>>> print(open('entry_2.tsv').read())   # TSV, C-alpha atoms
chain	number	residue	atom	x	y	z
A	27	MET	CA	0.00	0.00	0.00
A	28	ASN	CA	1.32	3.44	-0.92
A	29	GLU	CA	1.19	5.87	1.97
A	30	LYS	CA	-1.01	8.94	1.68
A	31	TYR	CA	-0.14	12.13	3.50
A	32	ILE	CA	-2.83	14.76	3.90
A	33	ALA	CA	-2.74	18.45	4.75
A	34	ARG	CA	-5.45	21.06	5.06
A	35	SER	CA	-5.50	23.60	2.25
A	36	GLY	CA	-5.15	27.28	3.01
A	37	ALA	CA	-7.97	27.95	0.54
A	38	VAL	CA	-10.73	27.10	3.01
A	39	ALA	CA	-12.70	28.59	5.85
A	40	SER	CA	-13.68	26.32	8.73
A	41	ARG	CA	-15.69	26.79	11.90
A	42	VAL	CA	-17.06	24.65	14.70
A	43	LEU	CA	-20.85	24.94	14.82
A	44	ASP	CA	-22.84	22.93	17.35
A	45	GLY	CA	-19.91	20.56	17.87
A	46	GLU	CA	-19.40	19.85	14.15
A	47	ILE	CA	-16.78	21.28	11.84
A	48	VAL	CA	-18.14	23.07	8.79
A	49	ILE	CA	-15.72	23.77	5.93
A	50	MET	CA	-16.17	25.98	2.90
A	51	SER	CA	-13.94	25.78	-0.12
A	52	ALA	CA	-12.80	29.20	-1.32
A	53	LEU	CA	-12.33	27.69	-4.78
A	54	ASP	CA	-15.91	26.60	-5.46
A	55	SER	CA	-17.89	27.64	-2.33
A	56	THR	CA	-18.79	24.01	-1.56
A	57	LEU	CA	-19.83	23.48	2.07
A	58	PHE	CA	-19.01	20.35	4.05
A	59	SER	CA	-20.34	19.44	7.49
A	60	LEU	CA	-18.02	16.82	8.94
A	61	SER	CA	-19.03	13.75	10.93
A	62	GLU	CA	-17.18	12.81	14.11
A	63	VAL	CA	-14.82	10.50	12.20
A	64	ALA	CA	-14.27	13.05	9.42
A	65	THR	CA	-13.48	15.67	12.07
A	66	ILE	CA	-10.75	13.43	13.49
A	67	ILE	CA	-9.20	13.07	10.04
A	68	TRP	CA	-9.47	16.83	9.37
A	69	GLN	CA	-7.86	17.75	12.68
A	70	ALA	CA	-5.03	15.23	12.17
A	71	ALA	CA	-4.27	16.39	8.59
A	72	ASP	CA	-0.86	17.88	9.37
A	73	GLY	CA	0.95	16.77	6.20
A	74	ARG	CA	3.41	14.68	8.20
A	75	THR	CA	1.27	11.85	9.56
A	76	PRO	CA	0.30	9.13	7.06
A	77	LEU	CA	-3.41	8.50	6.65
A	78	SER	CA	-2.90	4.86	7.66
A	79	GLU	CA	-1.47	6.02	11.01
A	80	ILE	CA	-4.35	8.45	11.57
A	81	VAL	CA	-6.81	5.63	10.92
A	82	GLN	CA	-4.98	3.12	13.12
A	83	ARG	CA	-4.22	5.39	16.08
A	84	ARG	CA	-7.19	7.74	16.10
A	85	ILE	CA	-10.15	6.04	14.43
A	86	CYS	CA	-9.72	2.34	15.17
A	87	THR	CA	-9.02	3.06	18.84
A	88	GLU	CA	-12.20	5.12	19.27
A	89	PHE	CA	-14.65	3.24	17.03
A	90	ASP	CA	-15.57	-0.41	16.53
A	91	VAL	CA	-14.25	-0.76	12.98
A	92	THR	CA	-11.61	-2.87	11.26
A	93	PRO	CA	-8.51	-1.04	10.02
A	94	GLU	CA	-9.26	-2.10	6.43
A	95	ALA	CA	-12.83	-0.77	6.45
A	96	ALA	CA	-11.81	2.43	8.24
A	97	TYR	CA	-8.98	3.07	5.78
A	98	ARG	CA	-11.24	2.49	2.75
A	99	ASP	CA	-13.80	4.96	4.12
A	100	ALA	CA	-11.07	7.47	5.02
A	101	GLU	CA	-9.65	7.29	1.50
A	102	VAL	CA	-13.06	8.05	-0.03
A	103	PHE	CA	-13.49	11.03	2.32
A	104	VAL	CA	-9.97	12.34	1.67
A	105	ASP	CA	-10.28	11.96	-2.11
A	106	ASP	CA	-13.62	13.81	-2.08
A	107	LEU	CA	-12.19	16.76	-0.13
A	108	ALA	CA	-9.07	16.77	-2.33
A	109	ARG	CA	-11.26	17.09	-5.46
A	110	HIS	CA	-12.70	20.28	-3.95
A	111	GLY	CA	-9.28	21.68	-3.03
A	112	ILE	CA	-9.93	21.33	0.70
A	113	LEU	CA	-7.24	18.73	1.41
A	114	ARG	CA	-3.88	18.20	-0.24
A	115	VAL	CA	-2.82	14.59	-0.80
A	116	SER	CA	0.71	13.36	-1.47
A	117	ASN	CA	2.65	10.09	-1.41
A	118	GLN	CA	5.31	11.78	0.73
A	119	PRO	CA	5.17	14.16	3.71
A	120	ILE	CA	3.94	17.65	2.86
A	121	ARG	CA	6.05	20.51	4.19
A	122	ASP	CA	4.35	23.52	5.77
A	123	ASP	CA	5.78	25.78	3.07
A	124	GLU	CA	4.04	23.68	0.38
A	125	CYS	CA	0.50	24.45	1.52
A	126	ASP	CA	-1.80	25.78	-1.17
A	127	VAL	CA	-3.46	29.15	-0.81
A	128	ALA	CA	-6.18	29.80	-3.38
A	129	GLY	CA	-4.53	27.46	-5.88
A	130	PHE	CA	-0.98	28.78	-5.55
A	131	THR	CA	1.81	27.15	-3.64
A	132	VAL	CA	3.12	29.39	-0.89
A	133	GLY	CA	6.43	30.86	-1.95
A	134	SER	CA	5.78	30.40	-5.66
A	135	LYS	CA	5.62	33.30	-8.05
A	136	VAL	CA	2.15	34.37	-9.03
A	137	PRO	CA	1.89	34.84	-12.79
A	138	SER	CA	1.34	38.45	-13.75
A	139	THR	CA	-1.73	39.22	-15.81
A	140	ALA	CA	-1.13	42.98	-15.90
A	141	SER	CA	0.55	44.45	-18.94
A	142	LYS	CA	2.97	47.34	-18.85
A	143	THR	CA	1.87	50.52	-20.55
>>> encode(input="entry_2.tsv", output="structure tokens")
Amino acid sequence: MNEKYIARSGAVASRVLDGEIVIMSALDSTLFSLSEVATIIWQAADGRTPLSEIVQRRICTEFDVTPEAAYRDAEVFVDDLARHGILRVSNQPIRDDECDVAGFTVGSKVPSTASKT
């Protein structure tokens, strides 16, 4: 199994409302209300901890679920949020300076669209 590392994107707004985390993508304004398990994954998405470790140490210890089933469900959740630009996914650890902000990697040059007159 290839490891997946996940990190929260900088292109989101998130708040805790009535004990649930609600996330809005700045890219497409999609809203997500996270379940208890999804909240655990979101909070653990530091870019350095593999998804398999998050599942094993955080989900399987708190819920009556097999590691295989929990990992499959976590992958579906992670892939869905990644499609909306809410999570970044990589096969290697993600450095803090690689976090996306509105589609641009921090530290990268933003292409200029202005012309000189």
>>> residues_near_point(input="entry_2.tsv", point="(2.5, 10.4, 11.1)", cutoff="12 Å", atoms="only C-alpha atoms", output="list in words")
Glu29, Lys30, Tyr31, Ile32, Ala33, Ala70, Ala71, Asp72, Gly73, Arg74, Thr75, Pro76, Leu77, Ser78, Glu79, Ile80, Val81, Gln82, Arg83, Arg84, Gln118, Pro119 and Ile120 of chain A
>>> residues_around(input="entry_2.tsv", residues="stretch 39-48 of chain A", least_positions_apart="3", cutoff="12 Å", atoms="all atoms listed in the file", output="list in words")
Arg34, Ser35, Gly36, Ser51, Ala52, Leu53, Asp54, Ser55, Thr56, Leu57, Phe58, Ser59, Leu60, Ser61, Glu62, Val63, Ala64, Thr65, Ile66, Ile67, Trp68, Gln69, Gly111, Ile112, Val127 and Ala128 of chain A
>>> atom_distance(input="entry_2.tsv", atom1="atom CA of A:Asp122", atom2="atom CA of A:Asp99")
26.0 Å
>>> axis_aligned_box(input="entry_2.tsv", around="stretch 89-107 of chain A", padding_each_side="6 Å", output="AutoDock Vina command-line options")
--center_x -12.0 --center_y 6.9 --center_z 7.5 --size_x 19.1 --size_y 31.6 --size_z 31.1
>>> atom_distance(input="entry_2.tsv", atom1="atom CA of A:Asn117", atom2="atom CA of A:Arg98")
16.4 Å
>>> atom_distance(input="entry_2.tsv", atom1="atom CA of A:Pro93", atom2="atom CA of A:Val38")
29.1 Å
